[in-house]
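As stored in target_32.cif (mmCIF, C-alpha atoms):
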```
data_data
#
loop_
_atom_site.group_PDB
_atom_site.id
_atom_site.type_symbol
_atom_site.label_atom_id
_atom_site.label_comp_id
_atom_site.auth_asym_id
_atom_site.auth_seq_id
_atom_site.Cartn_x
_atom_site.Cartn_y
_atom_site.Cartn_z
ATOM 1 C CA MET A 6 12.315 -12.676 46.565
ATOM 2 C CA SER A 7 14.545 -9.637 46.168
ATOM 3 C CA ILE A 8 17.431 -9.663 43.702
ATOM 4 C CA ILE A 9 20.837 -8.007 43.818
ATOM 5 C CA THR A 10 21.623 -5.991 40.733
ATOM 6 C CA GLN A 11 24.729 -4.013 39.813
ATOM 7 C CA CYS A 12 24.856 -0.642 38.093
ATOM 8 C CA PRO A 13 26.760 -1.015 34.782
ATOM 9 C CA GLN A 14 28.013 2.584 35.109
ATOM 10 C CA CYS A 15 29.473 2.767 38.614
ATOM 11 C CA ALA A 16 29.301 -0.940 39.680
ATOM 12 C CA THR A 17 27.194 -0.114 42.747
ATOM 13 C CA GLN A 18 25.184 -3.121 43.960
ATOM 14 C CA PHE A 19 21.796 -2.802 45.598
ATOM 15 C CA ARG A 20 18.576 -4.722 46.197
ATOM 16 C CA ALA A 21 15.348 -4.625 44.162
ATOM 17 C CA THR A 22 12.051 -6.190 45.228
ATOM 18 C CA PRO A 23 9.594 -7.878 42.837
ATOM 19 C CA GLN A 24 6.993 -5.156 43.560
ATOM 20 C CA GLN A 25 9.402 -2.426 42.474
ATOM 21 C CA LEU A 26 10.452 -4.293 39.327
ATOM 22 C CA ARG A 27 6.847 -4.966 38.309
ATOM 23 C CA ALA A 28 5.936 -1.300 38.751
ATOM 24 C CA SER A 29 8.742 -0.159 36.422
ATOM 25 C CA GLU A 30 8.789 -3.175 34.050
ATOM 26 C CA GLY A 31 12.266 -4.125 35.301
ATOM 27 C CA TRP A 32 13.922 -0.708 34.795
ATOM 28 C CA VAL A 33 15.707 1.011 37.668
ATOM 29 C CA ARG A 34 17.779 4.144 38.249
ATOM 30 C CA CYS A 35 21.029 3.988 40.206
ATOM 31 C CA GLY A 36 20.830 6.155 43.315
ATOM 32 C CA LYS A 37 24.536 6.968 43.048
ATOM 33 C CA CYS A 38 25.118 7.923 39.395
ATOM 34 C CA ASP A 39 21.512 8.156 38.054
ATOM 35 C CA GLN A 40 22.200 5.504 35.373
ATOM 36 C CA VAL A 41 18.986 3.835 34.104
ATOM 37 C CA PHE A 42 19.276 0.116 33.290
ATOM 38 C CA ASP A 43 17.424 -3.221 33.290
ATOM 39 C CA ALA A 44 17.802 -4.761 36.761
ATOM 40 C CA SER A 45 17.314 -8.365 35.602
ATOM 41 C CA VAL A 46 19.967 -8.074 32.877
ATOM 42 C CA HIS A 47 22.566 -6.817 35.372
ATOM 43 C CA ALA A 48 21.536 -9.053 38.305
ATOM 44 C CA VAL A 49 24.498 -10.512 40.181
ATOM 45 C CA SER A 50 22.618 -12.722 42.656
ATOM 46 C CA GLN A 51 19.121 -14.120 43.204
ATOM 47 C CA ARG A 52 19.655 -14.540 46.921
ATOM 48 C CA ALA A 53 18.152 -12.226 49.506
ATOM 49 C CA VAL A 54 20.445 -9.932 51.489
ATOM 50 C CA PRO A 55 20.074 -8.114 54.813
ATOM 51 C CA THR A 56 18.210 -4.851 54.953
ATOM 52 C CA PRO A 57 20.740 -1.973 54.691
ATOM 53 C CA GLU A 58 21.215 0.564 57.429
ATOM 54 C CA ALA A 59 18.524 3.222 57.644
ATOM 55 C CA ASP A 60 20.905 6.187 57.546
ATOM 56 C CA ALA A 61 22.506 5.562 54.121
ATOM 57 C CA MET A 62 22.685 3.031 51.310
ATOM 58 C CA VAL A 63 26.144 1.641 50.492
ATOM 59 C CA PRO A 64 27.345 -1.069 48.080
ATOM 60 C CA LEU A 65 26.460 -4.552 49.348
ATOM 61 C CA ARG A 66 29.099 -6.786 50.965
ATOM 62 C CA ALA A 67 30.354 -9.772 48.973
ATOM 63 C CA GLU A 68 29.979 -12.261 51.847
ATOM 64 C CA SER A 69 26.932 -14.566 51.888
ATOM 65 C CA PRO A 70 24.157 -13.708 54.372
ATOM 66 C CA SER A 71 23.166 -16.006 57.185
ATOM 67 C CA PRO A 72 19.831 -17.884 57.027
ATOM 68 C CA GLN A 73 18.344 -15.411 59.552
ATOM 69 C CA GLU A 74 19.411 -12.458 57.416
ATOM 70 C CA GLU A 75 18.026 -14.142 54.293
ATOM 71 C CA THR A 76 14.623 -14.529 55.979
ATOM 72 C CA ALA A 77 14.666 -10.884 57.077
ATOM 73 C CA ALA A 78 15.417 -9.771 53.542
ATOM 74 C CA LEU A 79 12.026 -11.033 52.399
ATOM 75 C CA ASP A 80 10.317 -8.228 54.313
ATOM 76 C CA PRO A 81 9.297 -5.039 52.447
ATOM 77 C CA PRO A 82 12.239 -2.635 51.873
ATOM 78 C CA THR A 83 12.875 0.253 54.219
ATOM 79 C CA ALA A 84 12.857 3.955 53.323
ATOM 80 C CA PRO A 85 16.559 4.160 52.265
ATOM 81 C CA VAL A 86 15.938 1.490 49.629
ATOM 82 C CA GLU A 87 13.107 3.584 48.288
ATOM 83 C CA THR A 88 15.504 6.524 48.130
ATOM 84 C CA LEU A 89 17.998 4.472 46.130
ATOM 85 C CA PHE A 90 15.231 3.595 43.668
ATOM 86 C CA SER A 91 14.047 7.173 43.502
ATOM 87 C CA ASP A 92 12.870 6.828 39.889
ATOM 88 C CA LEU A 93 12.048 3.352 38.653
ATOM 89 C CA THR A 94 10.472 4.571 35.394
ATOM 90 C CA PRO A 95 12.890 4.748 32.409
ATOM 91 C CA ASP A 96 13.802 8.212 31.282
ATOM 92 C CA PRO A 97 11.863 9.070 28.097
ATOM 93 C CA ALA A 98 15.130 10.206 26.533
ATOM 94 C CA ASP A 99 16.602 6.699 27.063
ATOM 95 C CA ALA A 100 13.625 4.617 25.872
ATOM 96 C CA PRO A 101 11.785 4.619 22.490
ATOM 97 C CA SER A 102 8.694 6.772 22.384
ATOM 98 C CA ARG A 103 5.668 4.593 21.861
ATOM 99 C CA TRP A 104 3.530 7.610 21.036
ATOM 100 C CA THR A 105 5.845 8.670 18.192
ATOM 101 C CA GLY A 106 5.919 5.128 16.814
ATOM 102 C CA ARG A 107 2.135 4.937 16.778
ATOM 103 C CA VAL A 108 1.894 8.263 14.958
ATOM 104 C CA TRP A 109 4.268 7.051 12.238
ATOM 105 C CA LEU A 110 2.399 3.759 11.959
ATOM 106 C CA GLY A 111 -0.916 5.573 11.581
ATOM 107 C CA ALA A 112 0.547 7.885 8.947
ATOM 108 C CA ALA A 113 1.923 4.909 6.997
ATOM 109 C CA LEU A 114 -1.448 3.139 7.086
ATOM 110 C CA LEU A 115 -3.233 6.293 5.944
ATOM 111 C CA LEU A 116 -0.794 6.742 3.069
ATOM 112 C CA ALA A 117 -1.273 3.099 2.040
ATOM 113 C CA LEU A 118 -5.055 3.541 2.030
ATOM 114 C CA LEU A 119 -4.767 6.701 -0.071
ATOM 115 C CA LEU A 120 -2.532 4.952 -2.599
ATOM 116 C CA LEU A 121 -4.911 1.987 -2.722
ATOM 117 C CA GLY A 122 -7.876 4.311 -3.284
ATOM 118 C CA GLN A 123 -6.031 6.153 -6.051
ATOM 119 C CA TRP A 124 -5.165 2.882 -7.796
ATOM 120 C CA VAL A 125 -8.750 1.582 -7.523
ATOM 121 C CA GLY A 126 -10.102 4.876 -8.846
ATOM 122 C CA HIS A 127 -7.732 4.780 -11.824
ATOM 123 C CA ASP A 128 -8.288 1.109 -12.722
ATOM 124 C CA LYS A 129 -11.903 0.737 -11.590
ATOM 125 C CA ASN A 130 -13.173 -0.071 -15.117
ATOM 126 C CA MET A 131 -10.616 -2.826 -15.635
ATOM 127 C CA LEU A 132 -11.279 -4.234 -12.145
ATOM 128 C CA ALA A 133 -15.025 -4.353 -12.792
ATOM 129 C CA ALA A 134 -14.500 -6.048 -16.169
ATOM 130 C CA ARG A 135 -11.984 -8.663 -15.024
ATOM 131 C CA ALA A 136 -13.464 -9.318 -11.561
ATOM 132 C CA PRO A 137 -17.281 -9.086 -11.808
ATOM 133 C CA ALA A 138 -17.593 -9.946 -8.098
ATOM 134 C CA LEU A 139 -16.089 -6.525 -7.300
ATOM 135 C CA ARG A 140 -18.585 -4.632 -9.456
ATOM 136 C CA PRO A 141 -21.193 -4.019 -6.678
ATOM 137 C CA ALA A 142 -18.513 -2.575 -4.380
ATOM 138 C CA LEU A 143 -17.127 -0.419 -7.195
ATOM 139 C CA LEU A 144 -20.617 0.844 -8.039
ATOM 140 C CA GLY A 145 -21.087 1.819 -4.401
ATOM 141 C CA MET A 146 -17.762 3.647 -4.437
ATOM 142 C CA CYS A 147 -18.737 5.528 -7.591
ATOM 143 C CA GLU A 148 -22.023 6.611 -6.005
ATOM 144 C CA VAL A 149 -20.046 8.173 -3.175
ATOM 145 C CA ILE A 150 -17.336 9.928 -5.182
ATOM 146 C CA GLY A 151 -19.393 10.612 -8.321
ATOM 147 C CA CYS A 152 -17.642 8.423 -10.901
ATOM 148 C CA VAL A 153 -19.073 6.153 -13.617
ATOM 149 C CA LEU A 154 -18.175 2.552 -14.408
ATOM 150 C CA GLU A 155 -17.554 1.961 -18.104
ATOM 151 C CA ALA A 156 -16.088 -0.774 -20.266
ATOM 152 C CA PRO A 157 -12.262 -0.540 -20.149
ATOM 153 C CA GLN A 158 -10.257 0.703 -23.106
ATOM 154 C CA SER A 159 -7.841 -2.015 -24.230
ATOM 155 C CA PRO A 160 -6.370 -1.164 -27.667
ATOM 156 C CA GLU A 161 -3.816 -3.977 -27.399
ATOM 157 C CA PHE A 162 -6.655 -6.527 -27.701
ATOM 158 C CA LEU A 163 -8.243 -4.973 -30.810
ATOM 159 C CA GLN A 164 -7.652 -6.545 -34.214
ATOM 160 C CA ILE A 165 -8.936 -5.578 -37.660
ATOM 161 C CA GLU A 166 -9.177 -8.948 -39.388
ATOM 162 C CA ALA A 167 -10.467 -7.939 -42.822
ATOM 163 C CA SER A 168 -11.459 -4.712 -44.562
ATOM 164 C CA ALA A 169 -12.407 -3.233 -47.936
ATOM 165 C CA TYR A 170 -12.765 0.325 -49.275
ATOM 166 C CA ASP A 171 -14.808 0.200 -52.484
ATOM 167 C CA PRO A 172 -15.910 3.069 -54.757
ATOM 168 C CA LEU A 173 -19.623 3.082 -55.553
ATOM 169 C CA GLY A 174 -19.623 5.978 -58.007
ATOM 170 C CA GLU A 175 -20.559 9.666 -57.747
ATOM 171 C CA GLY A 176 -18.062 10.215 -54.910
ATOM 172 C CA MET A 177 -19.572 7.466 -52.677
ATOM 173 C CA TYR A 178 -17.436 4.773 -51.028
ATOM 174 C CA ARG A 179 -18.210 1.776 -48.879
ATOM 175 C CA LEU A 180 -15.902 0.892 -46.014
ATOM 176 C CA SER A 181 -16.396 -2.559 -44.492
ATOM 177 C CA LEU A 182 -14.284 -4.231 -41.832
ATOM 178 C CA THR A 183 -14.288 -7.027 -39.259
ATOM 179 C CA LEU A 184 -13.245 -5.831 -35.804
ATOM 180 C CA ARG A 185 -12.358 -8.456 -33.166
ATOM 181 C CA ASN A 186 -11.936 -8.236 -29.389
ATOM 182 C CA ARG A 187 -9.280 -10.785 -28.354
ATOM 183 C CA ALA A 188 -9.618 -10.038 -24.622
ATOM 184 C CA SER A 189 -11.458 -12.398 -22.278
ATOM 185 C CA TRP A 190 -13.490 -9.463 -20.933
ATOM 186 C CA ALA A 191 -15.714 -6.825 -22.498
ATOM 187 C CA ILE A 192 -13.999 -3.673 -23.788
ATOM 188 C CA ALA A 193 -15.166 -0.288 -25.071
ATOM 189 C CA HIS A 194 -15.871 0.311 -28.746
ATOM 190 C CA PRO A 195 -12.880 1.977 -30.425
ATOM 191 C CA ALA A 196 -12.711 4.663 -33.061
ATOM 192 C CA ILE A 197 -11.294 3.887 -36.513
ATOM 193 C CA GLU A 198 -8.863 6.130 -38.380
ATOM 194 C CA LEU A 199 -9.118 5.825 -42.164
ATOM 195 C CA THR A 200 -6.065 7.066 -44.105
ATOM 196 C CA ILE A 201 -6.039 7.268 -47.919
ATOM 197 C CA THR A 202 -2.495 6.863 -49.307
ATOM 198 C CA ASP A 203 -0.805 7.353 -52.643
ATOM 199 C CA ALA A 204 1.523 4.997 -54.478
ATOM 200 C CA SER A 205 4.355 5.843 -52.079
ATOM 201 C CA GLU A 206 2.091 5.203 -49.077
ATOM 202 C CA ARG A 207 2.140 8.872 -48.196
ATOM 203 C CA PRO A 208 -1.083 9.943 -46.495
ATOM 204 C CA LEU A 209 -3.400 12.090 -48.578
ATOM 205 C CA VAL A 210 -6.571 12.203 -46.463
ATOM 206 C CA ARG A 211 -7.322 11.131 -42.911
ATOM 207 C CA ARG A 212 -10.706 10.713 -41.301
ATOM 208 C CA VAL A 213 -11.641 9.531 -37.806
ATOM 209 C CA LEU A 214 -14.793 7.424 -37.520
ATOM 210 C CA LEU A 215 -16.306 7.253 -34.026
ATOM 211 C CA PRO A 216 -18.280 4.214 -32.790
ATOM 212 C CA GLY A 217 -21.531 6.025 -33.596
ATOM 213 C CA ASP A 218 -20.352 6.640 -37.177
ATOM 214 C CA LEU A 219 -19.477 2.961 -37.570
ATOM 215 C CA GLY A 220 -22.877 1.753 -36.355
ATOM 216 C CA ALA A 221 -21.351 -0.234 -33.487
ATOM 217 C CA GLN A 222 -23.885 -2.378 -31.654
ATOM 218 C CA GLY A 223 -24.257 -2.442 -27.883
ATOM 219 C CA GLU A 224 -22.474 -0.432 -25.222
ATOM 220 C CA HIS A 225 -19.284 -2.465 -25.555
ATOM 221 C CA MET A 226 -17.640 -5.301 -27.424
ATOM 222 C CA ASP A 227 -18.237 -8.631 -25.719
ATOM 223 C CA ALA A 228 -15.341 -10.829 -24.670
ATOM 224 C CA LEU A 229 -13.724 -12.775 -27.528
ATOM 225 C CA SER A 230 -16.238 -11.433 -30.048
ATOM 226 C CA ALA A 231 -16.130 -9.931 -33.544
ATOM 227 C CA GLN A 232 -18.313 -7.332 -35.259
ATOM 228 C CA GLU A 233 -18.917 -6.754 -38.979
ATOM 229 C CA LEU A 234 -19.028 -2.989 -39.577
ATOM 230 C CA THR A 235 -20.048 -1.180 -42.743
ATOM 231 C CA ILE A 236 -20.156 2.569 -43.376
ATOM 232 C CA TYR A 237 -20.825 4.630 -46.469
ATOM 233 C CA LEU A 238 -18.664 7.694 -47.060
ATOM 234 C CA ARG A 239 -18.685 10.541 -49.527
ATOM 235 C CA SER A 240 -15.346 11.895 -50.712
ATOM 236 C CA THR A 241 -14.239 14.403 -53.341
ATOM 237 C CA LEU A 242 -10.909 12.592 -53.634
ATOM 238 C CA ALA A 243 -11.451 10.156 -56.476
ATOM 239 C CA ILE A 244 -9.717 6.805 -56.650
ATOM 240 C CA SER A 245 -7.149 6.947 -59.452
ATOM 241 C CA PRO A 246 -3.864 5.229 -60.385
ATOM 242 C CA GLY A 247 -2.080 7.704 -58.122
ATOM 243 C CA LEU A 248 -4.145 6.545 -55.152
ATOM 244 C CA SER A 249 -2.937 3.071 -54.323
ATOM 245 C CA GLY A 250 -4.533 2.196 -51.039
ATOM 246 C CA TYR A 251 -5.670 2.966 -47.521
ATOM 247 C CA ARG A 252 -4.867 2.167 -43.907
ATOM 248 C CA LEU A 253 -7.165 1.469 -40.948
ATOM 249 C CA THR A 254 -6.161 1.975 -37.296
ATOM 250 C CA ALA A 255 -8.304 1.147 -34.256
ATOM 251 C CA PHE A 256 -7.675 3.467 -31.283
ATOM 252 C CA TYR A 257 -9.310 5.297 -28.391
ATOM 253 C CA PRO A 258 -9.508 9.101 -28.695
#
```
Produce structure tokens that represent the structure in this file.
Amino acid sequence: MSIITQCPQCATQFRATPQQLRASEGWVRCGKCDQVFDASVHAVSQRAVPTPEADAMVPLRAESPSPQEETAALDPPTAPVETLFSDLTPDPADAPSRWTGRVWLGAALLLALLLLGQWVGHDKNMLAARAPALRPALLGMCEVIGCVLEAPQSPEFLQIEASAYDPLGEGMYRLSLTLRNRASWAIAHPAIELTITDASERPLVRRVLLPGDLGAQGEHMDALSAQELTIYLRSTLAISPGLSGYRLTAFYP
């Protein structure tokens, strides 16, 4: 059944058929002032009206149609009605551009994927250590982009529990220490910085000992594990009353 709708711009009333409204998704253009609007939102009657004169389209009369006229209004509209609805498709300037919205959505998704890839690439070692189920996927990613999975570096979980720096004579010293990994996942072996200090704890000599120098075992430190490390060093700086101690620091170069 046709509906009577009213232009919100010029208040002109005219008839719209269901076929016309379906074709334009409910949008119509006023044949008098060219205003584009939603016909169903501005409908003023759901009753059928007589077919307008063929020579021109004028605003509809307010009086109710007779039953015969209501039956005649169910017939397809004549040519003047088509002229009134000369453009049932909304003007692109008045409706949102779906194409532009899809472009922005695609760009946002691409940016999100790039950020996700950058984060995975940066934290891949930690992800593989803390989520072993992801390791096969991360290995496949590294094969594609040419990276290597290694044990993560976690200095905050390293602890030197005990140590000793003993002179053995003839410039030889023995450094022994217990290094513990307090993390619940495997981490990379650290380096150890040995600093000899005087009575005022001012540094006199520093030396960096890499994992190979310390005789570290395995490719990494296991979760919640400890290692006893011993290394022999030669130094021309003799222990004397002016040399009161030493400091040890675990770190990653």
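Only residues having an atom at most 9 Å from (13.5, -3.9, 40.1) are included; using all atoms listed in the file, these are Ser7, Ile8, Thr10, Arg20, Ala21, Thr22, Pro23, Gln24, Gln25, Leu26, Arg27, Ala28, Ser29, Glu30, Gly31, Trp32, Val33, Asp43, Ala44, Ser45, Phe90 and Leu93 of chain A.
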request  = Grab the atom CA of A:Gln164 to atom CA of A:Arg212 distance for me, in Å with one decimal place.
outcome  =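 Spanning atom CA of A:Gln164 to atom CA of A:Arg212 is a straight-line distance of 18.9 Å.
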inquiry  = I'd like to know which of A:Gly250, A:Gly174, A:Pro137, A:Pro195 is closest to A:Tyr237, using all atoms listed in the file.
reply    = A:Gly174
request  = Work out how far apart atom CA of A:Tyr178 and atom CA of A:Arg252 are and give it in Å to one decimal.
outcome  =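 If I compute the distance from atom CA of A:Tyr178 to atom CA of A:Arg252, I get 14.7 Å.
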Coordinates-based distance that separates atom CA of A:Leu215 from atom CA of A:Pro258 (Å, one decimal) = 8.8 Å
request  = Tell me which residues the PyMOL selection byres ((chain A and resi 175) around 10) grabs here, as a list of chain:residue names.
outcome  =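 Evaluating the PyMOL selection byres ((chain A and resi 175) around 10) on these coordinates yields A:Pro172, A:Leu173, A:Gly174, A:Gly176, A:Met177, A:Tyr178, A:Arg239, A:Ser240, A:Thr241, A:Ala243.
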task = Check which residues satisfy the PyMOL selection byres ((chain A and resi 257) around 9) in the file shown, then give them as an MDAnalysis selection string.
result = chainID A and resid 158:160 193:197 255:256 258
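Among the candidates A:Leu253, A:Leu110, A:Leu180, A:Ile192, the one nearest to A:Glu155 when counting all atoms listed in the file is A:Ile192.
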request  = Please write the residues picked by the PyMOL selection byres ((chain A and resi 222-232) around 10) on this file as a PyMOL selection string.
outcome  = chain A and resi 134+155-158+162-166+182-195+216-217+219-221+233-235
request  = Would you please work out which residue, of A:Leu144, A:Cys38, A:Tyr251, A:Leu139, is nearest to A:Ala204 when using all atoms listed in the file?
outcome  = A:Tyr251
